[in-house]
Amino acid sequence: MKRLLFGAAYYDEYMPYERLGKDIEMMKKAGINTVRIAESTWSTCEPQEGVFDFSHVERVVDAMEEAGIGVIIGTPTYAVPTWMIKSYPDILAVTVKGRGIYGARQIMDITHPAYRHYSERVIRQLMKCTAHRKCVIGFQLDNETKYYGTAGKNVQERFVKYLRKKFSNSLDAMNHEFGLDYWSNRVNAWEDFPDVRGTINGSLGAEFEKFQRMLVDEFLSWQADIVNEYRREDQFITHNFDFEWRGYSYGVQPDVSQYHACKCLSVAGADIYHPSQDRLTGAEIAFGGDIARSLKQDNYLVLETQAQGYLDWTPYKGQLRLQAYSHIASGSNSVMYWHWHSIHNSFETYWKGVLSHDFQENDTYREACVIGREFLETGSRLVNLKKKNDVAVLVSNEALTALKWFGIEATAAGNNGIGYNDVVRWIYDTLYGMNVECDFLWPESENFGQYRVIIVPALYAAPDILLEKLNQYVRDGGNLLATFKTGFANENVKVSHELQPHILGRCLGIKYHQFTFPQGVKISGKIAEESGDREVKAFMELLEPDSAEVLASYEHYNWKRYAAVTKNEYGKGKAVYVGCMLSKTVLERLLDDLLKEAGVERTEERFPVIVRKGKNDFGRTVCFYLNYSAQRQTADCGPSDSRELLSGSELKRQETFTIEPWGVKILEEMQPEKELT
Amino acid sequence: MKRLLFGAAYYDEYMPYERLGKDIEMMKKAGINTVRIAESTWSTCEPQEGVFDFSHVERVVDAMEEAGIGVIIGTPTYAVPTWMIKSYPDILAVTVKGRGIYGARQIMDITHPAYRHYSERVIRQLMKCTAHRKCVIGFQLDNETKYYGTAGKNVQERFVKYLRKKFSNSLDAMNHEFGLDYWSNRVNAWEDFPDVRGTINGSLGAEFEKFQRMLVDEFLSWQADIVNEYRREDQFITHNFDFEWRGYSYGVQPDVSQYHACKCLSVAGADIYHPSQDRLTGAEIAFGGDIARSLKQDNYLVLETQAQGYLDWTPYKGQLRLQAYSHIASGSNSVMYWHWHSIHNSFETYWKGVLSHDFQENDTYREACVIGREFLETGSRLVNLKKKNDVAVLVSNEALTALKWFGIEATAAGNNGIGYNDVVRWIYDTLYGMNVECDFLWPESENFGQYRVIIVPALYAAPDILLEKLNQYVRDGGNLLATFKTGFANENVKVSHELQPHILGRCLGIKYHQFTFPQGVKISGKIAEESGDREVKAFMELLEPDSAEVLASYEHYNWKRYAAVTKNEYGKGKAVYVGCMLSKTVLERLLDDLLKEAGVERTEERFPVIVRKGKNDFGRTVCFYLNYSAQRQTADCGPSDSRELLSGSELKRQETFTIEPWGVKILEEMQPEKELT
Amino acid sequence: MKRLLFGAAYYDEYMPYERLGKDIEMMKKAGINTVRIAESTWSTCEPQEGVFDFSHVERVVDAMEEAGIGVIIGTPTYAVPTWMIKSYPDILAVTVKGRGIYGARQIMDITHPAYRHYSERVIRQLMKCTAHRKCVIGFQLDNETKYYGTAGKNVQERFVKYLRKKFSNSLDAMNHEFGLDYWSNRVNAWEDFPDVRGTINGSLGAEFEKFQRMLVDEFLSWQADIVNEYRREDQFITHNFDFEWRGYSYGVQPDVSQYHACKCLSVAGADIYHPSQDRLTGAEIAFGGDIARSLKQDNYLVLETQAQGYLDWTPYKGQLRLQAYSHIASGSNSVMYWHWHSIHNSFETYWKGVLSHDFQENDTYREACVIGREFLETGSRLVNLKKKNDVAVLVSNEALTALKWFGIEATAAGNNGIGYNDVVRWIYDTLYGMNVECDFLWPESENFGQYRVIIVPALYAAPDILLEKLNQYVRDGGNLLATFKTGFANENVKVSHELQPHILGRCLGIKYHQFTFPQGVKISGKIAEESGDREVKAFMELLEPDSAEVLASYEHYNWKRYAAVTKNEYGKGKAVYVGCMLSKTVLERLLDDLLKEAGVERTEERFPVIVRKGKNDFGRTVCFYLNYSAQRQTADCGPSDSRELLSGSELKRQETFTIEPWGVKILEEMQPEKELT
């Protein structure tokens, strides 16, 4: 990127009256330099089968080009037009609930040949119309693609073929690996394969979900191939990934294997939504950003984030700006709002844009103007920020899915309670509060060795080769912290019949035969006594140390002989195991010790002052100080004299400075500049 | 009416043994002078297609006629017989859940020609059998008619024809007005119209619900036409309207436009059910009564209310009588229980009647006897009570439906929280506690001008013409109080792209660009300081006064520059705007001031003493004092010497008197009588 | 039985690797003498239609026989193989949710001829392969059989034929008895009979559920006939009954009439699961055991109970042993775990067995070893324990079903709140805490006369003949305690139109016309004042004594003239009526008095020390002292000198002894031995 992208999704199609000129005028005033268009507008672009009308697209491209605003073209395929379903109703996905009804977005069978046929044609037409345009800086494939539960006969037949290949046509192998003998689910002839939507077999069910995720990879890759036929070298190709949704971007996306799906992209993209007002912490911005950056180990694009958003999100003064710099601080090269103007009809009417329904200037717009001006002034020192983190968190779609089938707190009364992402966020949020920046790793990642510390939350389902890789990592001098529910089942969600934790027991120096839930259990031991809240929050494995040192035990008359937290020296490295969910204060204490021993460099600041670092295109370290509170905070300048980029003021090394409520300071070290790359 | 109707629904069909003589004996003893019969007894009246057997009806009519008890004949059409569904299963409505299964009442497609064919035939047969009978005083069309979610292919085709007409065949007009471009929902050919059951477009969805409500109007009007062929001039025609059901009659009925549906009736009717025992407040009796009375701006019938009802309703001593007089005090000309005897089988076995399953005298029956005797003695002074209220509340089906699609407290996490009727009841219940009697208005009402004060709760979706009418009302000297969420979208649920509040901003003298939810926000300002609970309960619009005076502002560091409550002089009138949901005490304070300035006459009493007034057939003012508490209360006689009708005792003007726990006093002023009309 | 069975379900089919030899070695070490096999393994036994492969069964039988371990053969029919559904998809039951999808167990139409055909064939094949084997000690028919909601066209047609017979082909009789006139549900021609799945008529609905329960009787009896063709005289035939499931075995099974279904068995069997750890009380073990024992008025088998079970159940030290002796103390001749090893895939992966997934010895296994050794040493004195209880509790499927249709706490807002089993457990758990052992009776039981006291919880729906039988019981000198909601409706859920309580009013000496829910109501009167918590917990009938003495009245200004608890002398007996749900302390006080007057022998101990008694094969009384607490407890030896069987130590009569936390003492009186029978 040459500059930070600052922009919004723009829908000329949805306008209640002619706005284009006025909108561009307001955009220019706000410093907006990019819009994303065309995404989900199929029924406008192709009003009837084979009849194309790109007038909305063209007039916007024309106007933006004239205004010097860049355009990202989104393929319109994630919402299908009415005529298509009228003629081909079986394009609507069949899910566990049966055939869908037309109405919402994301309801089609993404494998359906008729859908593919029409998709390809409209993409090609759109590309022909836009790809050659100068202002078009890149393309977004579809939007938040998932598999939408598609599980019709055609999809299931494809799945059976996939299984035949996976198991080299051996039914015995499949039955054994998936444990299908249980409850008479054994399949003794491929043609007997039952409707997988009804399965109660967690291994088969999880495999089907994995297969469904692969449909997403294949779909995006197929779209990328089409777009690539048209795009110029200087145009990027991206996708708008999203995250597990709990009313905001919460955790690892269950329905997409982003690690695989991103391979067809030139730059990763994501949307990040988060609580705001008093509940704004920046944690989701950092979490989503760290995932997006780690996908291609490079800068990424924030293609959507909230301007006003829902009513509980209407930002306080300063928050929009704080959020913008937080995205940049994580390595994003863009801040793009969903969306420019609030929509007057339909469904997302209260997912408000930069402008309210009245199109007038408002507090949010006015704050966007500040951001736009600052980006223009200081953007060149913030774009392409590179990080070199010492800590990584390993996440896994397979573990997530498996822990949905076999809930951590499931009882005979029901499968509820915390899930995989709660463990991930427990880890991540603790690191975030400690100002420990981290990358993400996936099971297939090949760069484990570059980290001083790897943290492994609840890696419930993992192939032996991954667990061996983690052992090797420790043996070679790495520092591992793994939590309960790690290394229990293989990638087919078949629980290991060997001692637990499977394979990892070697580097961890422990084993356990049993586990239970805490009922009024605390932990004891040194690590606990100094850490405030000693309660065991969820799950508890009854650990028996072999070579490991016991850092904490359970305080309960019946469980007191078992360890709760252990630490083991293994090869040149160390491995800590946390056998239960603990308070964040205890976890912070454990992490503090581990990071210290691992030699990870740290900052003194703690939440609500968030510190993020990176190297800019000038080879200089840029350090963001983000005040996530309504109170003025202080922080100390780093070891070099620095310039505060937003104000231009200079600070001496170690000098204490203040940050306004919901405010930002960005310090660039005043070393001699490298040449511009 | 010549007398107050006191009665019950009576089902000879359901009797476990021969009861008719004994029941009539007990009715006579209780002073019951009316029964409602035949409603929902189709399978008895027409046991097989075309085979009619009205023996139950006839023997009851014969016996009642002999006993001097009037009979209301209900058409039996709201529950269909088994033979009909066996032959025509597609009479069962197709809803969003698919085709229904036989069993419950109210499951048919009320537009289905076969259902209409059979309905017409059975109604005509029933009319022939009963209409000429002397004791038959009136007819009830169907019962609690709604559209039962009917949304089959036939209904949807009719809906598309309706849309073609509404939009003069212009797809562009429809797409634009409903915002169908969003998520590719645009319809580019009428034959592409998708299954509306799946729509996520709130404008289209709300329009469909409006269309479905029109089916109810049409159905009742069609039944009325048939009945009118048979009924005598002295026989009334009514319908049993009900209200939003939350385990009791809570608010405006979402599925029926009662304003339109009542046009085919000669008298409005309703059923009113409400909490009882310690939770009995009378608010639902007053609310439902005020709506029913306002429908035809005349007296109405309470066709059903609870005798014993459900177990949590079993009345305390005095409550049945208190309730009866409360209905009359609101202008009802009847109190009819559902139902005479408790049912021994099926479904509503615990919706108990006047008699328990044992048919014995019980406390409830004994209290009914008291009521019956008193009605006989004093009824002529209570019947046809006329009111002249200064205050009206404007309610709207369109606003209700729109706020279901776009919930007031909806977030990205879900659409829950308070709805339209919660705002309506917040307003109504506050007025009720203040003893301010009111009428209801609907968007199409033509009598706005007769009120000193109009209150407009959450009129979210409204045509421009209605908002202009409200402006005009104020300009002409009216006093308006409107709440948050008023004047935001038009009647097609298209949000205005102009300044908010749309159009009404003129009379209100304010505007706002943004709104949010309160998180620990209070209000400040004079109005607040004297009113106890200053918390903002729900929603908050960030008001900016133009010409308006600020009555309250928000107490929160980020919102303090915005107003919460404003007041504006406009033309000859005044307009108060309440931008958020406040405590009832603050609202009461606001209303107090407004009513005072508007010159509305008031009483000193407050809940739990409820005061209701009206003029009787003798031209005298009758004033009810209803004690909604378990404690004895006192009240003061009005400005005239009065006679207490139930005891016959006389009171001097201003004289203080007592009301027993759950007791009633009814004072008739002792002016010279007008001639009996 | 010659010995106590100690064992587990064993699934060679599910093993991840060859384990048989090692497992048998571990079983022998643990004293396990019985395994249950083959249940639910159809897809392994018959991998393709007509292709049989019993190699898993045979190798286990061979190995067990050699090891001297007995085998129970379960017919595999409760989970169907994939090939069957592929060819005959309509074997999947049609329920209110429509046709099912393959996957789970217990999803078939148990009446389907194709299912019956295949079931019969596989059972016969399995019998041929196993019945003659020496180690095979018995057979289990199917498993936890129910009707799985089966309600397809075929089942409904059979139901209509059943109704025609029940009502001697008289539609009038049916319509009258079921009250079908209500809401036009009347059936006027048999061919009009509507889809019963949609019915809202509680009488019809409850009758259908009764009919469905009869399908279970018929199915099990049909299986028994097949198995009986093969089994030897010394082999038993049993079934694994289960209970209402609330995450554990809670109450009377709603879907099976166990009283009828057990007729085809030679010994009753059951599975009992229960909360554990701090929530372990033993109440479910006693409850399920008392039911199972009462079914055939003989010893029974615990065919499944938890070893480790779910994570909140992982037993504390001592609990597994305590549970085992609790089963024996109730008259079980077996303790069999579900299951030997934890399963590595599929669904019940966390329903853990004796062994964890790692197959290693663990705390649970080690405690099983203790139990096994003790059973070997003392089993001959514990097996075939006979009881002679003075107290019985009458339970009824008809009452349970009826109170599901007409919930005790149902309001117009919904049908929630306590159900039949909550009343049953309120009674039972109070008796349990008082150490009053009891049997169960069913409506059709013929041994009412053998009990000094019969307790009747909420016998809502009962035929007149049963109520007369209870009157007769009291008249003949019995002591009855009946609760609210007894004798209200007949067996067709038609509420009586006579005075309540119907028929029983005679022996109870009371009547009531009305009832309500308590809102802040307490009871007053002697019985109350001495009993702590006087609150009325749920429901309250407004009792009016005729001849009865009032034991407690309601403390509430409006209800104070009504009785809450009454007692009546009737013939030679006494009848107490409890008109509302009270605290357990008040109930205990009532029961205490009644038992005393009835001359029921009692022990001094109270929960957490549980005392159970029986006579062993040597004619000696054996008394179990079970400490359900984490604290050491003391108890007193009975009136004879005794030997503590587990330690061999001797105690003098009345000697005080201690019981360890979660510990057990078993005292056998030291009278001269009878000859071994």
# chains A, B, ... in the order shown; residues from 1 in each chain; ligands from 1

call {"tool": "residues_around", "arguments": {"residues": "Cys580 (chain C)", "least_positions_apart": "6", "cutoff": "7 Å", "atoms": "only C-alpha atoms", "output": "list in words"}}
result
Phe484, Val536, Ala538, Phe539, Met540, Glu541 and Ala564 of chain C

call {"tool": "closest_atom_pairs", "arguments": {"of": "chain A", "to": "chain B", "cutoff": "6 Å", "atoms": "only C-alpha atoms", "output": "Markdown table"}}
result
| residue | atom | partner | partner_atom | distance |
| --- | --- | --- | --- | --- |
| A:Ser40 | CA | B:Trp183 | CA | 5.5 |
| A:Thr41 | CA | B:Ser184 | CA | 5.2 |
| A:Trp42 | CA | B:Ser184 | CA | 5.5 |
| A:Ser43 | CA | B:Ser184 | CA | 4.6 |
| A:Pro47 | CA | B:Asn188 | CA | 5.7 |
| A:Ala79 | CA | B:Trp183 | CA | 5.6 |
| A:Pro81 | CA | B:Ser184 | CA | 5.4 |
| A:Thr82 | CA | B:Asp192 | CA | 5.8 |
| A:Trp83 | CA | B:Asp192 | CA | 5.1 |
| A:Lys86 | CA | B:Asp192 | CA | 5.9 |
| A:Ile101 | CA | B:Gly198 | CA | 5.2 |
| A:Tyr102 | CA | B:Gly198 | CA | 5.4 |
| A:Gly103 | CA | B:Thr199 | CA | 4.1 |
| A:Ala104 | CA | B:Ile200 | CA | 5.7 |
| A:Gly247 | CA | B:Ala413 | CA | 3.6 |
| A:Tyr310 | CA | B:Thr411 | CA | 5.7 |
| A:Leu311 | CA | B:Thr516 | CA | 4.4 |
| A:Asp312 | CA | B:Phe517 | CA | 5.4 |
| A:Thr314 | CA | B:Thr516 | CA | 6.0 |
| A:His344 | CA | B:Val495 | CA | 4.6 |
| A:Asn345 | CA | B:Lys494 | CA | 5.1 |
| A:Ser346 | CA | B:Asn201 | CA | 3.8 |
| A:Phe347 | CA | B:Asn201 | CA | 5.5 |
| A:His357 | CA | B:His497 | CA | 5.1 |
| A:Asp358 | CA | B:His497 | CA | 4.5 |

call {"tool": "select_by_dssp", "arguments": {"residues": "region 302-508 of chain C", "states": "alpha helix (DSSP H)", "output": "ChimeraX atom specification"}}
result
/C:319-329,363-378,397-405,420-433,464-475,505-508

call {"tool": "write_last_selection", "arguments": {"atoms": "C-alpha atoms", "output": "PDB file, in the first residue's frame"}}
result
ATOM      1  CA  GLN C 319     -19.131 -42.829  46.900  1.00  0.00           C
ATOM      2  CA  LEU C 320     -18.984 -45.642  44.340  1.00  0.00           C
ATOM      3  CA  ARG C 321     -19.003 -48.173  47.173  1.00  0.00           C
ATOM      4  CA  LEU C 322     -21.720 -46.331  49.052  1.00  0.00           C
ATOM      5  CA  GLN C 323     -23.854 -46.333  45.922  1.00  0.00           C
ATOM      6  CA  ALA C 324     -23.276 -50.045  45.322  1.00  0.00           C
ATOM      7  CA  TYR C 325     -24.473 -50.987  48.802  1.00  0.00           C
ATOM      8  CA  SER C 326     -27.384 -48.606  48.486  1.00  0.00           C
ATOM      9  CA  HIS C 327     -28.616 -50.537  45.448  1.00  0.00           C
ATOM     10  CA  ILE C 328     -28.262 -53.824  47.324  1.00  0.00           C
ATOM     11  CA  ALA C 329     -29.963 -52.317  50.361  1.00  0.00           C
ATOM     12  CA  ASP C 363      -9.553 -44.180  41.456  1.00  0.00           C
ATOM     13  CA  THR C 364     -12.940 -45.386  40.292  1.00  0.00           C
ATOM     14  CA  TYR C 365     -11.624 -48.724  39.132  1.00  0.00           C
ATOM     15  CA  ARG C 366      -9.716 -49.151  42.364  1.00  0.00           C
ATOM     16  CA  GLU C 367     -12.868 -48.573  44.370  1.00  0.00           C
ATOM     17  CA  ALA C 368     -14.699 -51.058  42.152  1.00  0.00           C
ATOM     18  CA  CYS C 369     -12.052 -53.601  43.132  1.00  0.00           C
ATOM     19  CA  VAL C 370     -12.938 -53.049  46.787  1.00  0.00           C
ATOM     20  CA  ILE C 371     -16.632 -53.543  46.060  1.00  0.00           C
ATOM     21  CA  GLY C 372     -15.953 -56.675  44.037  1.00  0.00           C
ATOM     22  CA  ARG C 373     -13.890 -58.208  46.806  1.00  0.00           C
ATOM     23  CA  GLU C 374     -16.486 -57.393  49.443  1.00  0.00           C
ATOM     24  CA  PHE C 375     -19.343 -58.731  47.285  1.00  0.00           C
ATOM     25  CA  LEU C 376     -17.412 -61.976  46.938  1.00  0.00           C
ATOM     26  CA  GLU C 377     -16.906 -62.192  50.671  1.00  0.00           C
ATOM     27  CA  THR C 378     -20.303 -61.062  51.935  1.00  0.00           C
ATOM     28  CA  ASN C 397     -49.158 -42.990  34.489  1.00  0.00           C
ATOM     29  CA  GLU C 398     -52.617 -41.643  33.823  1.00  0.00           C
ATOM     30  CA  ALA C 399     -52.255 -38.967  36.501  1.00  0.00           C
ATOM     31  CA  LEU C 400     -48.794 -38.076  35.239  1.00  0.00           C
ATOM     32  CA  THR C 401     -49.956 -37.651  31.657  1.00  0.00           C
ATOM     33  CA  ALA C 402     -53.064 -35.737  32.632  1.00  0.00           C
ATOM     34  CA  LEU C 403     -51.021 -33.306  34.729  1.00  0.00           C
ATOM     35  CA  LYS C 404     -48.772 -32.730  31.740  1.00  0.00           C
ATOM     36  CA  TRP C 405     -51.819 -31.604  29.754  1.00  0.00           C
ATOM     37  CA  TYR C 420     -46.691 -34.853  38.790  1.00  0.00           C
ATOM     38  CA  ASN C 421     -43.242 -36.182  39.541  1.00  0.00           C
ATOM     39  CA  ASP C 422     -42.413 -33.144  41.636  1.00  0.00           C
ATOM     40  CA  VAL C 423     -45.254 -34.065  43.942  1.00  0.00           C
ATOM     41  CA  VAL C 424     -44.200 -37.700  43.923  1.00  0.00           C
ATOM     42  CA  ARG C 425     -40.630 -36.773  44.768  1.00  0.00           C
ATOM     43  CA  TRP C 426     -41.764 -34.310  47.437  1.00  0.00           C
ATOM     44  CA  ILE C 427     -43.516 -37.213  49.142  1.00  0.00           C
ATOM     45  CA  TYR C 428     -40.849 -39.782  48.436  1.00  0.00           C
ATOM     46  CA  ASP C 429     -37.874 -37.668  49.405  1.00  0.00           C
ATOM     47  CA  THR C 430     -39.504 -36.730  52.678  1.00  0.00           C
ATOM     48  CA  LEU C 431     -40.065 -40.401  53.479  1.00  0.00           C
ATOM     49  CA  TYR C 432     -36.519 -41.151  52.408  1.00  0.00           C
ATOM     50  CA  GLY C 433     -35.056 -38.549  54.730  1.00  0.00           C
ATOM     51  CA  ASP C 464     -64.059 -44.465  40.066  1.00  0.00           C
ATOM     52  CA  ILE C 465     -63.220 -48.047  40.905  1.00  0.00           C
ATOM     53  CA  LEU C 466     -59.769 -47.031  42.129  1.00  0.00           C
ATOM     54  CA  LEU C 467     -61.140 -44.253  44.296  1.00  0.00           C
ATOM     55  CA  GLU C 468     -63.699 -46.662  45.722  1.00  0.00           C
ATOM     56  CA  LYS C 469     -60.877 -49.100  46.407  1.00  0.00           C
ATOM     57  CA  LEU C 470     -59.099 -46.417  48.415  1.00  0.00           C
ATOM     58  CA  ASN C 471     -62.275 -45.636  50.357  1.00  0.00           C
ATOM     59  CA  GLN C 472     -62.600 -49.331  51.071  1.00  0.00           C
ATOM     60  CA  TYR C 473     -58.973 -49.487  52.152  1.00  0.00           C
ATOM     61  CA  VAL C 474     -59.604 -46.827  54.781  1.00  0.00           C
ATOM     62  CA  ARG C 475     -62.916 -48.291  55.790  1.00  0.00           C
ATOM     63  CA  GLY C 505     -64.412 -36.960  49.711  1.00  0.00           C
ATOM     64  CA  ARG C 506     -66.299 -39.635  51.590  1.00  0.00           C
ATOM     65  CA  CYS C 507     -63.320 -41.107  53.386  1.00  0.00           C
ATOM     66  CA  LEU C 508     -61.647 -37.723  53.664  1.00  0.00           C
TER      67      LEU C 508
END

call {"tool": "residues_around", "arguments": {"residues": "Leu4 (chain B)", "least_positions_apart": "6", "cutoff": "10 Å", "atoms": "only C-alpha atoms", "output": "CSV table (one decimal) with C-alpha atoms, in the first residue's frame"}}
result
chain,number,residue,atom,x,y,z
B,33,ASN,CA,-80.4,-11.7,31.9
B,34,THR,CA,-78.3,-12.6,28.9
B,301,LEU,CA,-70.2,-4.6,25.2
B,328,ILE,CA,-69.7,-0.2,33.6
B,332,SER,CA,-69.7,-0.8,28.9
B,333,ASN,CA,-73.4,-1.8,28.7
B,334,SER,CA,-72.6,-5.4,29.7
B,335,VAL,CA,-70.7,-7.7,31.9
B,372,GLY,CA,-77.1,-9.2,39.5
B,375,PHE,CA,-77.7,-4.2,38.4
B,376,LEU,CA,-81.4,-4.9,38.6
B,378,THR,CA,-79.6,0.5,39.8
B,379,GLY,CA,-78.9,-0.5,36.2
B,380,SER,CA,-81.2,2.1,34.7
B,381,ARG,CA,-79.0,4.8,36.1
B,382,LEU,CA,-75.8,3.2,34.9
B,383,VAL,CA,-76.6,2.0,31.4
B,384,ASN,CA,-75.6,4.1,28.4

call {"tool": "residues_around", "arguments": {"residues": "region 226-232 of chain A", "least_positions_apart": "2", "cutoff": "12 Å", "atoms": "only C-alpha atoms", "output": "ChimeraX atom specification"}}
result
/A:72-75,116,119-142,219-224,234-238,264-266

call {"tool": "decode", "arguments": {"residues": "region 493-504 of chain A", "atoms": "N, CA, C and O atoms", "output": "PDB file, in the first residue's frame"}}
result
ATOM      1  N   VAL A 493     -11.650 -36.515  15.876  1.00  0.00           N
ATOM      2  CA  VAL A 493     -12.405 -36.451  17.136  1.00  0.00           C
ATOM      3  C   VAL A 493     -12.547 -37.853  17.730  1.00  0.00           C
ATOM      4  O   VAL A 493     -13.574 -38.213  18.299  1.00  0.00           O
ATOM      5  N   LYS A 494     -11.547 -38.644  17.551  1.00  0.00           N
ATOM      6  CA  LYS A 494     -11.459 -39.935  18.239  1.00  0.00           C
ATOM      7  C   LYS A 494     -10.558 -39.714  19.446  1.00  0.00           C
ATOM      8  O   LYS A 494      -9.388 -39.329  19.304  1.00  0.00           O
ATOM      9  N   VAL A 495     -11.107 -39.928  20.604  1.00  0.00           N
ATOM     10  CA  VAL A 495     -10.336 -39.704  21.821  1.00  0.00           C
ATOM     11  C   VAL A 495      -9.183 -40.709  21.877  1.00  0.00           C
ATOM     12  O   VAL A 495      -9.350 -41.879  21.518  1.00  0.00           O
ATOM     13  N   SER A 496      -8.067 -40.231  22.309  1.00  0.00           N
ATOM     14  CA  SER A 496      -6.906 -41.119  22.420  1.00  0.00           C
ATOM     15  C   SER A 496      -7.149 -42.183  23.477  1.00  0.00           C
ATOM     16  O   SER A 496      -7.753 -41.931  24.506  1.00  0.00           O
ATOM     17  N   HIS A 497      -6.692 -43.399  23.198  1.00  0.00           N
ATOM     18  CA  HIS A 497      -6.788 -44.447  24.218  1.00  0.00           C
ATOM     19  C   HIS A 497      -5.500 -44.556  25.010  1.00  0.00           C
ATOM     20  O   HIS A 497      -5.331 -45.482  25.799  1.00  0.00           O
ATOM     21  N   GLU A 498      -4.592 -43.633  24.773  1.00  0.00           N
ATOM     22  CA  GLU A 498      -3.347 -43.640  25.551  1.00  0.00           C
ATOM     23  C   GLU A 498      -3.462 -42.641  26.693  1.00  0.00           C
ATOM     24  O   GLU A 498      -4.472 -41.962  26.845  1.00  0.00           O
ATOM     25  N   LEU A 499      -2.416 -42.557  27.462  1.00  0.00           N
ATOM     26  CA  LEU A 499      -2.423 -41.631  28.594  1.00  0.00           C
ATOM     27  C   LEU A 499      -2.631 -40.209  28.119  1.00  0.00           C
ATOM     28  O   LEU A 499      -2.102 -39.813  27.091  1.00  0.00           O
ATOM     29  N   GLN A 500      -3.366 -39.454  28.885  1.00  0.00           N
ATOM     30  CA  GLN A 500      -3.609 -38.050  28.578  1.00  0.00           C
ATOM     31  C   GLN A 500      -2.644 -37.177  29.374  1.00  0.00           C
ATOM     32  O   GLN A 500      -2.293 -37.535  30.472  1.00  0.00           O
ATOM     33  N   PRO A 501      -2.242 -36.023  28.884  1.00  0.00           N
ATOM     34  CA  PRO A 501      -2.516 -35.496  27.541  1.00  0.00           C
ATOM     35  C   PRO A 501      -1.730 -36.285  26.494  1.00  0.00           C
ATOM     36  O   PRO A 501      -0.526 -36.511  26.680  1.00  0.00           O
ATOM     37  N   HIS A 502      -2.427 -36.673  25.454  1.00  0.00           N
ATOM     38  CA  HIS A 502      -1.870 -37.509  24.399  1.00  0.00           C
ATOM     39  C   HIS A 502      -0.637 -36.846  23.788  1.00  0.00           C
ATOM     40  O   HIS A 502      -0.681 -35.685  23.415  1.00  0.00           O
ATOM     41  N   ILE A 503       0.443 -37.581  23.719  1.00  0.00           N
ATOM     42  CA  ILE A 503       1.727 -37.154  23.118  1.00  0.00           C
ATOM     43  C   ILE A 503       2.335 -35.973  23.885  1.00  0.00           C
ATOM     44  O   ILE A 503       3.491 -36.044  24.323  1.00  0.00           O
ATOM     45  N   LEU A 504       1.565 -34.925  24.086  1.00  0.00           N
ATOM     46  CA  LEU A 504       2.077 -33.740  24.780  1.00  0.00           C
ATOM     47  C   LEU A 504       2.483 -34.047  26.216  1.00  0.00           C
ATOM     48  O   LEU A 504       3.257 -33.296  26.817  1.00  0.00           O
TER      49      LEU A 504
END
